[in-house]
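Asks: To be precise about what I am sending: the file is called my_file-v2.txt and holds compact mmCIF, C-alpha atoms.
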# COMPACT_ATOMS: atom_id res chain seq x y z
CA MET I 34 -65.94 -117.84 -57.02
CA LYS I 35 -62.19 -117.44 -57.15
CA HIS I 36 -60.79 -114.09 -58.00
CA ASP I 37 -57.53 -114.04 -59.96
CA ASN I 38 -55.47 -112.27 -57.32
CA GLY I 39 -56.47 -114.82 -54.71
CA LEU I 40 -57.58 -112.14 -52.33
CA VAL I 41 -61.22 -113.00 -52.66
CA SER I 42 -62.29 -116.34 -51.32
CA LEU I 43 -65.91 -116.02 -50.43
CA PRO I 44 -67.35 -118.10 -47.63
CA GLU I 45 -69.46 -120.81 -49.27
CA PRO I 46 -72.86 -121.87 -48.01
CA GLY I 47 -72.57 -125.34 -46.52
CA MET I 48 -73.94 -128.57 -47.97
CA LEU I 49 -76.44 -128.81 -45.13
CA HIS I 50 -77.87 -125.45 -46.06
CA ARG I 51 -78.48 -126.53 -49.65
CA ALA I 52 -80.00 -129.82 -48.56
CA LEU I 53 -82.34 -128.07 -46.14
CA LEU I 54 -83.34 -125.54 -48.77
CA LEU I 55 -84.10 -128.31 -51.25
CA LEU I 56 -86.14 -130.03 -48.57
CA ALA I 57 -87.96 -126.89 -47.48
CA VAL I 58 -89.35 -125.94 -50.90
CA PRO I 59 -91.38 -129.14 -51.48
CA MET I 60 -92.35 -129.20 -47.80
CA VAL I 61 -93.88 -125.75 -48.09
CA LEU I 62 -95.76 -126.77 -51.24
CA VAL I 63 -97.05 -129.91 -49.56
CA SER I 64 -98.16 -128.00 -46.53
CA LEU I 65 -99.99 -125.51 -48.74
CA TYR I 66 -101.76 -128.45 -50.38
CA LEU I 67 -102.59 -129.93 -46.99
CA VAL I 68 -103.90 -126.65 -45.64
CA PHE I 69 -106.01 -125.55 -48.58
CA ILE I 70 -107.15 -128.73 -50.27
CA TRP I 71 -106.63 -131.78 -48.14
CA SER I 72 -107.81 -130.68 -44.71
CA PRO I 73 -111.58 -130.30 -44.23
CA VAL I 74 -113.27 -126.94 -43.94
CA GLU I 75 -114.16 -126.09 -40.37
CA ARG I 76 -117.91 -126.24 -39.81
CA GLN I 77 -118.46 -123.05 -37.85
CA MET I 78 -115.82 -120.68 -39.09
CA GLY I 79 -115.51 -121.88 -42.65
CA VAL I 80 -112.44 -121.18 -44.74
CA VAL I 81 -111.20 -118.46 -42.39
CA GLN I 82 -110.06 -121.18 -40.06
CA LYS I 83 -107.32 -122.14 -42.54
CA ILE I 84 -105.29 -119.12 -41.56
CA PHE I 85 -104.97 -120.69 -38.14
CA TYR I 86 -102.37 -123.21 -39.42
CA PHE I 87 -99.97 -120.48 -40.42
CA HIS I 88 -100.86 -118.45 -37.38
CA VAL I 89 -99.90 -121.18 -34.95
CA GLY I 90 -96.81 -122.10 -36.93
CA SER I 91 -95.58 -118.52 -36.99
CA ALA I 92 -96.33 -118.00 -33.32
CA TRP I 93 -94.38 -121.10 -32.38
CA ASN I 94 -91.47 -119.99 -34.56
CA ALA I 95 -91.49 -116.48 -33.18
CA PHE I 96 -91.18 -117.78 -29.66
CA LEU I 97 -88.52 -120.25 -30.75
CA ALA I 98 -86.59 -117.46 -32.44
CA PHE I 99 -86.69 -115.27 -29.35
CA PHE I 100 -85.65 -118.19 -27.20
CA VAL I 101 -82.69 -118.71 -29.54
CA VAL I 102 -81.85 -115.01 -29.13
CA MET I 103 -81.70 -115.44 -25.37
CA VAL I 104 -79.60 -118.61 -25.48
CA PHE I 105 -77.08 -117.14 -27.90
CA SER I 106 -76.99 -113.87 -26.00
CA ILE I 107 -75.93 -115.72 -22.88
CA LEU I 108 -73.43 -117.76 -24.89
CA PHE I 109 -72.02 -114.58 -26.40
CA LEU I 110 -71.56 -112.92 -23.02
CA ILE I 111 -69.69 -115.99 -21.78
CA THR I 112 -67.51 -116.80 -24.78
CA ARG I 113 -67.46 -113.51 -26.73
CA LYS I 114 -67.48 -115.34 -30.06
CA ARG I 115 -68.72 -113.25 -32.94
CA ILE I 116 -70.70 -116.06 -34.50
CA TYR I 117 -73.01 -116.23 -31.45
CA ASP I 118 -73.71 -112.55 -31.75
CA MET I 119 -74.55 -113.01 -35.44
CA ILE I 120 -76.89 -115.89 -34.71
CA ALA I 121 -78.71 -113.92 -32.02
CA GLY I 122 -79.13 -110.94 -34.34
CA VAL I 123 -80.37 -112.95 -37.30
CA SER I 124 -82.74 -114.90 -35.09
CA ALA I 125 -84.22 -111.70 -33.68
CA GLU I 126 -84.86 -110.40 -37.19
CA ILE I 127 -86.60 -113.60 -38.25
CA GLY I 128 -88.53 -113.61 -34.99
CA VAL I 129 -89.82 -110.12 -35.64
CA ILE I 130 -90.99 -111.19 -39.11
CA PHE I 131 -92.83 -114.19 -37.69
CA THR I 132 -94.36 -112.02 -34.98
CA ALA I 133 -95.55 -109.63 -37.66
CA ILE I 134 -97.19 -112.56 -39.43
CA VAL I 135 -98.83 -113.61 -36.17
CA LEU I 136 -100.06 -110.10 -35.51
CA THR I 137 -101.59 -109.78 -38.98
CA THR I 138 -103.12 -113.23 -39.30
CA GLY I 139 -104.43 -113.12 -35.74
CA PRO I 140 -106.84 -110.21 -36.18
CA ILE I 141 -108.10 -111.58 -39.50
CA TRP I 142 -108.99 -114.80 -37.77
CA ALA I 143 -110.27 -113.08 -34.62
CA ARG I 144 -112.62 -110.94 -36.67
CA SER I 145 -114.62 -113.98 -37.69
CA ALA I 146 -114.10 -116.03 -34.54
CA TRP I 147 -114.57 -113.42 -31.83
CA ASN I 148 -116.19 -110.75 -33.99
CA THR I 149 -113.52 -108.24 -33.05
CA TRP I 150 -110.17 -107.39 -34.53
CA TRP I 151 -108.35 -107.18 -31.26
CA THR I 152 -108.86 -107.97 -27.60
CA TRP I 153 -106.42 -107.27 -24.81
CA GLU I 154 -106.11 -110.93 -24.09
CA PRO I 155 -102.85 -112.17 -22.49
CA ARG I 156 -101.48 -114.00 -25.49
CA LEU I 157 -102.23 -111.20 -27.92
CA THR I 158 -100.85 -108.49 -25.73
CA THR I 159 -97.75 -110.46 -24.86
CA THR I 160 -97.07 -111.00 -28.54
CA LEU I 161 -97.51 -107.31 -29.26
CA ILE I 162 -95.14 -106.36 -26.45
CA LEU I 163 -92.64 -108.94 -27.73
CA PHE I 164 -92.89 -107.39 -31.18
CA PHE I 165 -92.01 -103.94 -29.83
CA MET I 166 -89.28 -105.32 -27.61
CA TYR I 167 -87.43 -107.03 -30.42
CA ILE I 168 -87.86 -104.10 -32.77
CA ALA I 169 -86.04 -102.12 -30.10
CA TYR I 170 -83.45 -104.90 -30.00
CA ILE I 171 -82.89 -104.57 -33.76
CA MET I 172 -82.61 -100.80 -33.35
CA VAL I 173 -79.87 -101.30 -30.77
CA ARG I 174 -78.13 -103.63 -33.18
CA SER I 175 -78.17 -101.01 -35.90
CA LEU I 176 -76.39 -98.45 -33.73
CA ASP I 177 -73.11 -97.17 -35.01
CA MET I 178 -70.32 -98.60 -32.85
CA GLU I 179 -67.78 -101.39 -32.69
CA TRP I 180 -69.24 -104.83 -32.94
CA GLN I 181 -67.92 -105.98 -29.56
CA LYS I 182 -69.76 -103.24 -27.75
CA LYS I 183 -72.86 -103.58 -29.87
CA GLY I 184 -72.87 -107.32 -29.35
CA ARG I 185 -72.59 -106.89 -25.61
CA LEU I 186 -75.38 -104.32 -25.38
CA SER I 187 -77.72 -106.33 -27.54
CA ALA I 188 -76.90 -109.53 -25.67
CA VAL I 189 -77.80 -107.84 -22.41
CA LEU I 190 -81.03 -106.59 -23.95
CA GLY I 191 -81.78 -110.04 -25.34
CA ILE I 192 -81.48 -111.56 -21.88
CA VAL I 193 -83.48 -108.85 -20.12
CA GLY I 194 -86.17 -109.03 -22.80
CA ALA I 195 -86.55 -112.76 -22.37
CA LEU I 196 -86.79 -112.28 -18.59
CA ASN I 197 -89.65 -109.91 -19.16
CA VAL I 198 -91.82 -112.25 -21.21
CA PRO I 199 -93.25 -114.38 -18.37
CA ILE I 200 -93.86 -111.31 -16.22
CA VAL I 201 -95.74 -109.56 -19.02
CA TYR I 202 -97.80 -112.65 -19.62
CA MET I 203 -98.73 -113.05 -15.96
CA SER I 204 -99.55 -109.40 -15.44
CA ILE I 205 -101.84 -109.27 -18.46
CA ARG I 206 -103.45 -112.51 -17.48
CA TRP I 207 -104.36 -111.03 -14.10
CA TRP I 208 -105.39 -107.76 -15.64
CA GLU I 209 -107.87 -109.41 -17.97
CA SER I 210 -108.76 -112.46 -15.89
CA ASN I 211 -112.24 -111.24 -15.02
CA LEU I 212 -113.15 -110.52 -18.64
CA HIS I 213 -111.62 -113.24 -20.76
CA PRO I 214 -111.30 -116.68 -19.27
CA VAL I 215 -108.58 -118.46 -21.22
CA VAL I 216 -110.66 -120.81 -23.32
CA MET I 217 -108.99 -120.85 -26.70
CA GLY I 218 -108.03 -124.36 -27.63
CA GLU I 219 -105.04 -123.35 -29.69
CA GLY I 220 -102.48 -123.84 -26.95
CA ALA I 221 -100.68 -127.03 -26.07
CA ASP I 222 -103.40 -127.81 -23.53
CA GLY I 223 -106.26 -128.11 -25.97
CA ALA I 224 -104.56 -128.69 -29.29
CA GLY I 225 -105.61 -132.25 -30.00
CA GLY I 226 -108.82 -132.00 -28.01
CA GLY I 227 -111.72 -131.23 -30.27
CA MET I 228 -109.79 -131.23 -33.51
CA GLU I 229 -110.32 -133.44 -36.52
CA PRO I 230 -107.30 -135.80 -36.86
CA SER I 231 -106.61 -134.62 -40.39
CA MET I 232 -106.65 -131.02 -39.19
CA PHE I 233 -104.33 -131.89 -36.37
CA PHE I 234 -101.97 -133.59 -38.78
CA THR I 235 -102.05 -130.55 -41.09
CA LEU I 236 -101.33 -128.29 -38.16
CA MET I 237 -98.37 -130.34 -37.03
CA PHE I 238 -97.05 -130.57 -40.57
CA THR I 239 -97.34 -126.82 -41.08
CA VAL I 240 -95.66 -126.07 -37.78
CA PHE I 241 -92.85 -128.44 -38.68
CA THR I 242 -92.49 -126.94 -42.16
CA LEU I 243 -92.35 -123.42 -40.81
CA THR I 244 -89.72 -124.49 -38.31
CA LEU I 245 -87.73 -125.80 -41.24
CA VAL I 246 -88.23 -122.48 -43.01
CA TYR I 247 -86.96 -120.78 -39.88
CA ILE I 248 -83.81 -122.91 -39.92
CA VAL I 249 -83.22 -122.20 -43.62
CA LEU I 250 -83.73 -118.47 -43.10
CA MET I 251 -81.47 -118.63 -40.09
CA GLN I 252 -78.67 -120.23 -42.10
CA SER I 253 -78.97 -117.82 -45.01
CA GLY I 254 -79.06 -114.95 -42.55
CA VAL I 255 -75.85 -116.06 -40.90
CA TYR I 256 -74.32 -116.62 -44.33
CA ILE I 257 -75.24 -113.09 -45.40
CA GLU I 258 -73.77 -111.73 -42.20
CA LYS I 259 -70.56 -113.61 -42.91
CA LEU I 260 -70.46 -112.20 -46.43
CA ARG I 261 -71.00 -108.74 -45.04
CA LEU I 262 -68.13 -109.18 -42.64
CA HIS I 263 -65.96 -110.49 -45.44
CA ALA I 264 -66.81 -107.53 -47.66
CA LYS I 265 -65.94 -105.17 -44.85
CA LYS I 266 -62.56 -106.82 -44.36
CA LEU I 267 -61.85 -106.67 -48.08
CA LYS I 268 -62.76 -103.01 -48.19
CA ALA I 269 -60.46 -102.27 -45.28
CA LYS I 270 -57.67 -104.18 -46.99
CA GLN I 271 -58.21 -102.35 -50.24
CA GLN I 272 -58.21 -99.03 -48.50
CA GLU I 273 -54.94 -99.87 -46.80
CA LYS I 274 -53.45 -100.75 -50.16
CA MET I 275 -54.53 -97.52 -51.76
CA THR I 276 -53.48 -95.24 -48.94
CA GLY I 277 -50.31 -97.10 -48.01
CA MET B 168 -84.99 -81.77 -11.82
CA SER B 169 -86.67 -78.39 -12.19
CA THR B 170 -87.33 -79.27 -15.82
CA MET B 171 -89.06 -82.42 -14.69
CA LEU B 172 -91.21 -80.48 -12.23
CA ILE B 173 -92.27 -77.86 -14.73
CA PHE B 174 -92.86 -80.50 -17.34
CA SER B 175 -95.11 -82.52 -15.06
CA ALA B 176 -97.05 -79.39 -14.09
CA LEU B 177 -97.55 -78.69 -17.78
CA VAL B 178 -98.71 -82.24 -18.39
CA ILE B 179 -101.33 -81.75 -15.69
CA VAL B 180 -102.45 -78.54 -17.35
CA VAL B 181 -102.73 -80.32 -20.67
CA PHE B 182 -104.76 -83.03 -18.96
CA SER B 183 -107.17 -80.45 -17.62
CA PHE B 184 -107.65 -79.12 -21.14
CA ALA B 185 -108.09 -82.59 -22.56
CA PHE B 186 -110.42 -83.91 -19.87
CA ASP B 187 -112.90 -81.51 -18.36
CA PRO B 188 -111.95 -81.36 -14.64
CA SER B 189 -115.47 -80.38 -13.56
CA ASN B 190 -116.81 -83.65 -14.92
CA GLN B 191 -117.14 -86.20 -12.11
CA ALA B 192 -116.47 -89.16 -14.40
CA VAL B 193 -112.95 -87.89 -14.92
CA SER B 194 -111.93 -89.08 -11.46
CA ALA B 195 -111.79 -92.59 -12.94
CA LEU B 196 -108.87 -91.39 -15.07
CA ILE B 197 -106.82 -90.08 -12.15
CA PRO B 198 -104.87 -93.34 -11.53
CA GLY B 199 -103.82 -93.43 -15.15
CA MET B 200 -102.84 -89.78 -15.09
CA ILE B 201 -100.60 -90.30 -12.06
CA TRP B 202 -98.61 -92.88 -13.94
CA ILE B 203 -98.51 -90.99 -17.21
CA ILE B 204 -96.98 -88.06 -15.37
CA THR B 205 -94.51 -90.38 -13.67
CA VAL B 206 -93.50 -92.03 -16.93
CA PHE B 207 -93.03 -88.78 -18.84
CA ALA B 208 -91.16 -87.01 -16.07
CA ALA B 209 -88.99 -90.05 -15.39
CA ILE B 210 -88.10 -90.40 -19.07
CA LEU B 211 -86.89 -86.80 -19.06
CA GLY B 212 -84.69 -87.40 -16.06
CA LEU B 213 -83.43 -90.78 -17.21
CA ASN B 214 -82.44 -89.46 -20.60
CA ARG B 215 -80.04 -87.08 -18.97
CA SER B 216 -78.67 -89.36 -16.29
CA PHE B 217 -75.99 -90.88 -18.51
CA THR B 218 -75.65 -88.46 -21.39
CA ALA B 219 -74.47 -85.90 -18.85
CA GLU B 220 -71.41 -88.08 -18.24
CA GLN B 221 -70.42 -88.18 -21.87
CA ARG B 222 -69.25 -84.64 -22.28
CA ASN B 223 -65.78 -85.21 -20.90
CA ASP B 224 -65.88 -88.97 -21.08
CA HIS B 225 -66.66 -89.16 -17.39
CA ILE B 226 -68.00 -92.62 -17.95
CA HIS B 227 -64.43 -93.80 -18.51
CA GLY B 228 -63.63 -92.44 -15.09
CA PHE B 229 -66.30 -94.70 -13.67
CA ILE B 230 -64.91 -97.67 -15.52
CA VAL B 231 -61.36 -97.24 -14.27
CA ALA B 232 -62.43 -96.30 -10.76
CA PRO B 233 -61.59 -99.07 -8.29
CA ILE B 234 -65.23 -99.86 -7.59
CA ASP B 235 -67.62 -102.54 -8.62
CA PRO B 236 -69.53 -101.54 -11.77
CA SER B 237 -72.78 -102.31 -10.04
CA SER B 238 -72.17 -99.47 -7.58
CA VAL B 239 -72.30 -97.04 -10.50
CA PHE B 240 -75.67 -98.52 -11.34
CA LEU B 241 -76.76 -98.25 -7.74
CA GLY B 242 -75.71 -94.62 -7.48
CA LYS B 243 -77.42 -93.62 -10.69
CA PHE B 244 -80.48 -95.55 -9.66
CA ILE B 245 -80.73 -93.86 -6.26
CA ALA B 246 -80.32 -90.42 -7.82
CA ASN B 247 -83.02 -91.04 -10.41
CA PHE B 248 -85.32 -92.63 -7.87
CA ILE B 249 -85.10 -89.65 -5.52
CA PHE B 250 -85.65 -87.19 -8.35
CA VAL B 251 -88.72 -88.97 -9.63
CA LEU B 252 -90.13 -89.33 -6.12
CA ALA B 253 -89.62 -85.63 -5.51
CA VAL B 254 -91.43 -84.79 -8.72
CA GLN B 255 -94.29 -87.08 -7.77
CA LEU B 256 -94.46 -85.52 -4.33
CA ALA B 257 -95.19 -82.20 -5.95
CA ALA B 258 -97.13 -83.32 -9.01
CA ILE B 259 -99.64 -85.73 -7.48
CA PRO B 260 -101.03 -83.26 -4.91
CA LEU B 261 -101.20 -80.69 -7.68
CA LEU B 262 -103.13 -83.15 -9.84
CA PHE B 263 -105.57 -83.88 -7.02
CA LEU B 264 -105.94 -80.16 -6.38
CA LEU B 265 -106.60 -79.12 -9.96
CA PHE B 266 -108.98 -81.98 -10.62
CA ASP B 267 -110.68 -81.53 -7.24
CA PHE B 268 -110.14 -85.16 -6.38
CA ARG B 269 -110.88 -86.20 -2.81
CA VAL B 270 -109.06 -89.24 -1.51
CA ILE B 271 -111.50 -91.51 0.27
CA THR B 272 -109.63 -92.16 3.50
CA ILE B 273 -106.31 -91.50 5.15
CA GLU B 274 -105.71 -95.23 4.78
CA SER B 275 -105.68 -95.06 1.02
CA ILE B 276 -102.98 -92.42 1.12
CA PHE B 277 -100.68 -94.88 2.84
CA TYR B 278 -101.47 -97.54 0.30
CA LEU B 279 -100.97 -95.04 -2.51
CA ALA B 280 -97.55 -94.17 -1.09
CA ALA B 281 -96.58 -97.84 -0.99
CA ILE B 282 -97.76 -98.43 -4.56
CA ILE B 283 -95.93 -95.36 -5.82
CA LEU B 284 -92.74 -96.46 -4.11
CA LEU B 285 -92.95 -99.95 -5.59
CA GLY B 286 -93.98 -98.86 -9.05
CA THR B 287 -91.45 -96.08 -9.32
CA PHE B 288 -88.74 -98.37 -8.03
CA GLY B 289 -89.42 -100.83 -10.83
CA PHE B 290 -89.75 -98.25 -13.55
CA VAL B 291 -86.61 -96.40 -12.53
CA THR B 292 -84.61 -99.62 -12.17
CA THR B 293 -85.33 -100.68 -15.72
CA GLY B 294 -85.03 -97.09 -16.87
CA THR B 295 -81.60 -96.51 -15.36
CA PHE B 296 -80.36 -99.76 -16.82
CA LEU B 297 -81.62 -98.98 -20.30
CA ALA B 298 -80.54 -95.34 -20.12
CA ALA B 299 -76.97 -96.55 -19.70
CA MET B 300 -77.47 -98.67 -22.79
CA SER B 301 -79.09 -96.03 -24.95
CA ALA B 302 -76.56 -93.38 -23.94
CA ASN B 303 -74.27 -95.02 -26.49
CA SER B 304 -76.52 -93.94 -29.30
CA LYS B 305 -76.52 -90.52 -30.89
CA SER B 306 -80.28 -90.39 -30.71
CA SER B 307 -80.53 -91.70 -27.16
CA GLU B 308 -83.58 -89.56 -26.37
CA MET B 309 -85.55 -91.47 -28.96
CA LEU B 310 -84.08 -94.86 -28.24
CA LEU B 311 -84.75 -94.89 -24.50
CA PRO B 312 -88.57 -94.79 -24.61
CA ILE B 313 -88.60 -97.42 -27.35
CA LEU B 314 -86.47 -99.69 -25.20
CA LEU B 315 -88.13 -98.87 -21.92
CA PHE B 316 -91.87 -98.96 -22.58
CA PRO B 317 -92.15 -102.60 -23.65
CA LEU B 318 -89.95 -103.71 -20.78
CA ALA B 319 -91.83 -101.65 -18.24
CA THR B 320 -95.29 -102.86 -19.30
CA PRO B 321 -95.85 -105.24 -16.38
CA VAL B 322 -94.97 -102.73 -13.72
CA LEU B 323 -97.12 -100.05 -15.36
CA ILE B 324 -100.15 -102.33 -15.64
CA ALA B 325 -99.74 -103.40 -12.02
CA ALA B 326 -99.21 -99.85 -10.77
CA VAL B 327 -102.23 -98.41 -12.57
CA GLN B 328 -104.49 -101.26 -11.47
CA ALA B 329 -103.36 -101.07 -7.84
CA THR B 330 -103.70 -97.29 -7.78
CA ARG B 331 -107.19 -97.52 -9.23
CA ILE B 332 -108.27 -99.97 -6.52
CA VAL B 333 -106.75 -97.93 -3.73
CA LEU B 334 -108.15 -94.61 -4.87
CA LEU B 335 -111.55 -95.60 -6.17
CA ASP B 336 -112.77 -98.70 -4.38
CA LEU B 337 -111.03 -99.91 -1.29
CA GLU B 338 -113.17 -103.04 -0.98
CA LYS B 339 -111.01 -104.88 -3.51
CA LEU B 340 -107.92 -104.33 -1.40
CA SER B 341 -106.84 -107.96 -1.61
CA SER B 342 -106.32 -107.74 -5.37
CA ALA B 343 -104.38 -104.53 -4.84
CA TYR B 344 -102.10 -106.62 -2.64
CA SER B 345 -101.52 -109.13 -5.40
CA TRP B 346 -100.71 -106.31 -7.82
CA MET B 347 -98.24 -105.00 -5.28
CA GLN B 348 -96.70 -108.44 -5.02
CA LEU B 349 -96.32 -108.53 -8.78
CA MET B 350 -94.56 -105.16 -8.67
CA ALA B 351 -92.30 -106.39 -5.90
CA VAL B 352 -91.35 -109.44 -7.96
CA TYR B 353 -90.67 -107.27 -11.00
CA ASP B 354 -88.58 -104.91 -8.89
CA LEU B 355 -86.53 -107.74 -7.47
CA ILE B 356 -85.91 -109.47 -10.80
CA PHE B 357 -84.90 -106.35 -12.66
CA PHE B 358 -82.89 -104.92 -9.82
CA ALA B 359 -80.91 -108.14 -9.62
CA ALA B 360 -80.56 -108.29 -13.41
CA GLY B 361 -79.40 -104.67 -13.42
CA ILE B 362 -76.73 -105.29 -10.81
CA ILE B 363 -75.49 -108.45 -12.48
CA LEU B 364 -75.56 -107.25 -16.09
CA PHE B 365 -74.49 -103.65 -15.63
CA GLU B 366 -70.79 -104.41 -15.94
CA TYR B 367 -71.37 -105.64 -19.49
CA ILE B 368 -72.98 -102.34 -20.40
CA LEU B 369 -70.27 -100.25 -18.85
CA GLU B 370 -67.36 -102.15 -20.36
CA VAL B 371 -65.63 -100.40 -23.23
Will you turn the file into structure tokens for me?
Replies:
Amino acid sequence: MKHDNGLVSLPEPGMLHRALLLLAVPMVLVSLYLVFIWSPVERQMGVVQKIFYFHVGSAWNAFLAFFVVMVFSILFLITRKRIYDMIAGVSAEIGVIFTAIVLTTGPIWARSAWNTWWTWEPRLTTTLILFFMYIAYIMVRSLDMEWQKKGRLSAVLGIVGALNVPIVYMSIRWWESNLHPVVMGEGADGAGGGMEPSMFFTLMFTVFTLTLVYIVLMQSGVYIEKLRLHAKKLKAKQQEKMTG
Amino acid sequence: MSTMLIFSALVIVVFSFAFDPSNQAVSALIPGMIWIITVFAAILGLNRSFTAEQRNDHIHGFIVAPIDPSSVFLGKFIANFIFVLAVQLAAIPLLFLLFDFRVITIESIFYLAAIILLGTFGFVTTGTFLAAMSANSKSSEMLLPILLFPLATPVLIAAVQATRIVLLDLEKLSSAYSWMQLMAVYDLIFFAAGIILFEYILEV
């Protein structure tokens, strides 16, 4: 994409990005096949249980994304490099999307498993609070000010938000401890326990695929941010030319 | 300050319209009401604690002043804390009065005071910190609650639960203690985080 006056040299997406994208598409198709056709139907819950694969994958990715936000927020505060700020912002956006997936698939599954759309169980509530927290984070990022200041404020919020997660989890766990003993086998503690090996394999494969999707989204997000920055610089340059 | 007082009195009046005060079952809602009043009144005060400095760019004065940035945080925090406590001092007796709520023993008043100190400390710490952040936005009044409520969830849950135990059944006092410990931990973590991270917020 070379412009004739040589002013425009767009940042190109890297080779790695293309390779990952090419890898991600068949992976997603395979995981869809595994989830819907290959893996057996659960005896008690029936087909509804299939949603669980995406649910767990999205939940894992949401937490990963928010962890990435925290790491890059700290890195940004130390080094003040713009790229770290970009990564944190893009990761928060993807994390919010995955959390939204978790919060929509969860109730659908819970309706047939627990016979209720929602309970104030620690994991559910923590996820909901996380969702609100990172929406607020994105709102801070969309404020109108210089990027240095915005980056700093959102980095601080990213760190404080991550600090809050364990406290929220513990407080809700105590709040609800007398009503809902934590029995769900979807965590790391019970994952392989009573599960059919083929189901377990499908779960792992889906989680891995979604992580790959996260990485691909992450890279395109950063690429878009770079393009945006580039466009802004070009606009400023053009404006200078016209006024000067 | 006076706005906060009048506002909290009005909230109580609205409560008495919403929940019939002559109904005995309503006393179970009192702990929640105490904290709703605190949250609403505190939000009002917090919103103004930093926007007031913007008019003549006073905040720049703070930045160039030869003091540690965390002392600005500390000062703002103490001011907000005292304001909110003063409002509670007036509003909670008024709430008890209008809803004809009798506190079980003199003991529970002491516990209530301790819980209110701990809970308000935590809420105002996070609130002051985030108010400084949201003061940068044009619509800071809307941004602050959105930032603050998710972050303050743990301390609110703990405060309401502990208040409920202290006011309604004192037998479960040991779990009230663990709620108070949770609040103390929250207070410590966020107070430390506020002092450490405040200079990044203040920086231009």
Asks: From the options B:Ala185, B:Ile201, B:Leu340, B:Ala176, which residue's atoms come nearest to Ser275 in chain B, counting all atoms listed in the file?
Replies: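 Under the stated criterion, the closest residue is B:Leu340.
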Asks: Just need the residues of chain B within 10 Å of chain I, counting all atoms listed in the file, so spit them out as a PyMOL selection string.
Replies: chain B and resi 293+296-297+299-301+303-306+310-325+328+342+345-346+349-350+352-353+356-357+360-361+364-365+367-371
Asks: Please identify all polymer residues within 9 Å of Val101 in chain I, counting all atoms listed in the file, omitting same-chain residues fewer than 2 positions from it, and present them as a list in words.
Replies: Phe96, Leu97, Ala98, Phe99, Met103, Val104, Phe105, Ser106, Ile120, Ala121, Ser124 and Ala125 of chain I
Asks: Give the answer as one residue: which of I:Leu56, I:Leu250, I:Leu236, I:Leu62 has the shortest atom-to-atom distance to Phe87 in chain I, using all atoms listed in the file?
Replies: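 So, comparing all the options, the nearest one is I:Leu236.
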Asks: Between CA of Gln82 in chain I and CA of Trp142 in chain I, what is the distance in Å, rounded to a tenth?
Replies: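 These atoms are spaced 6.9 Å apart.
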Asks: For a quick check of understanding, using all atoms listed in the file, which of I:Trp93, I:Ala146, I:Thr276, I:Lys83 has the smallest distance to Ser64 in chain I?
Replies: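 Looking at the shortest contact to Ser64 in chain I, the residue is I:Lys83.
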Asks: Might you pull out every residue within 12 Å of Arg261 in chain I, with all atoms listed in the file counted and same-chain residues fewer than 6 positions away left off, and present them as a tab-separated table (two decimals) with C-alpha atoms, in the coordinates of the input?
Replies:
chain	number	residue	atom	x	y	z
I	43	LEU	CA	-65.91	-116.02	-50.43
I	44	PRO	CA	-67.35	-118.10	-47.63
I	119	MET	CA	-74.55	-113.01	-35.44
I	254	GLY	CA	-79.06	-114.95	-42.55
I	255	VAL	CA	-75.85	-116.06	-40.90
I	267	LEU	CA	-61.85	-106.67	-48.08
I	268	LYS	CA	-62.76	-103.01	-48.19
Asks: How would you write as a ChimeraX atom specification the residues that get within 10 Å of (-86.6, -127.7, -43.8) in the file's frame, counting only C-alpha atoms?
Replies: /I:50,52-61,241-250
Asks: When you look at Val231 in chain B with a cut-off of 12 Å (counting only C-alpha atoms), what residues show up, excluding the ones that are within fewer than 4 positions of it in the same chain? I need them as a list in words.
Replies: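 After dropping sequence-adjacent residues, the list is Asp224, His225, Ile226, His227, Asp235, Pro236, Val239, Glu366, Leu369, Glu370 and Val371 of chain B.
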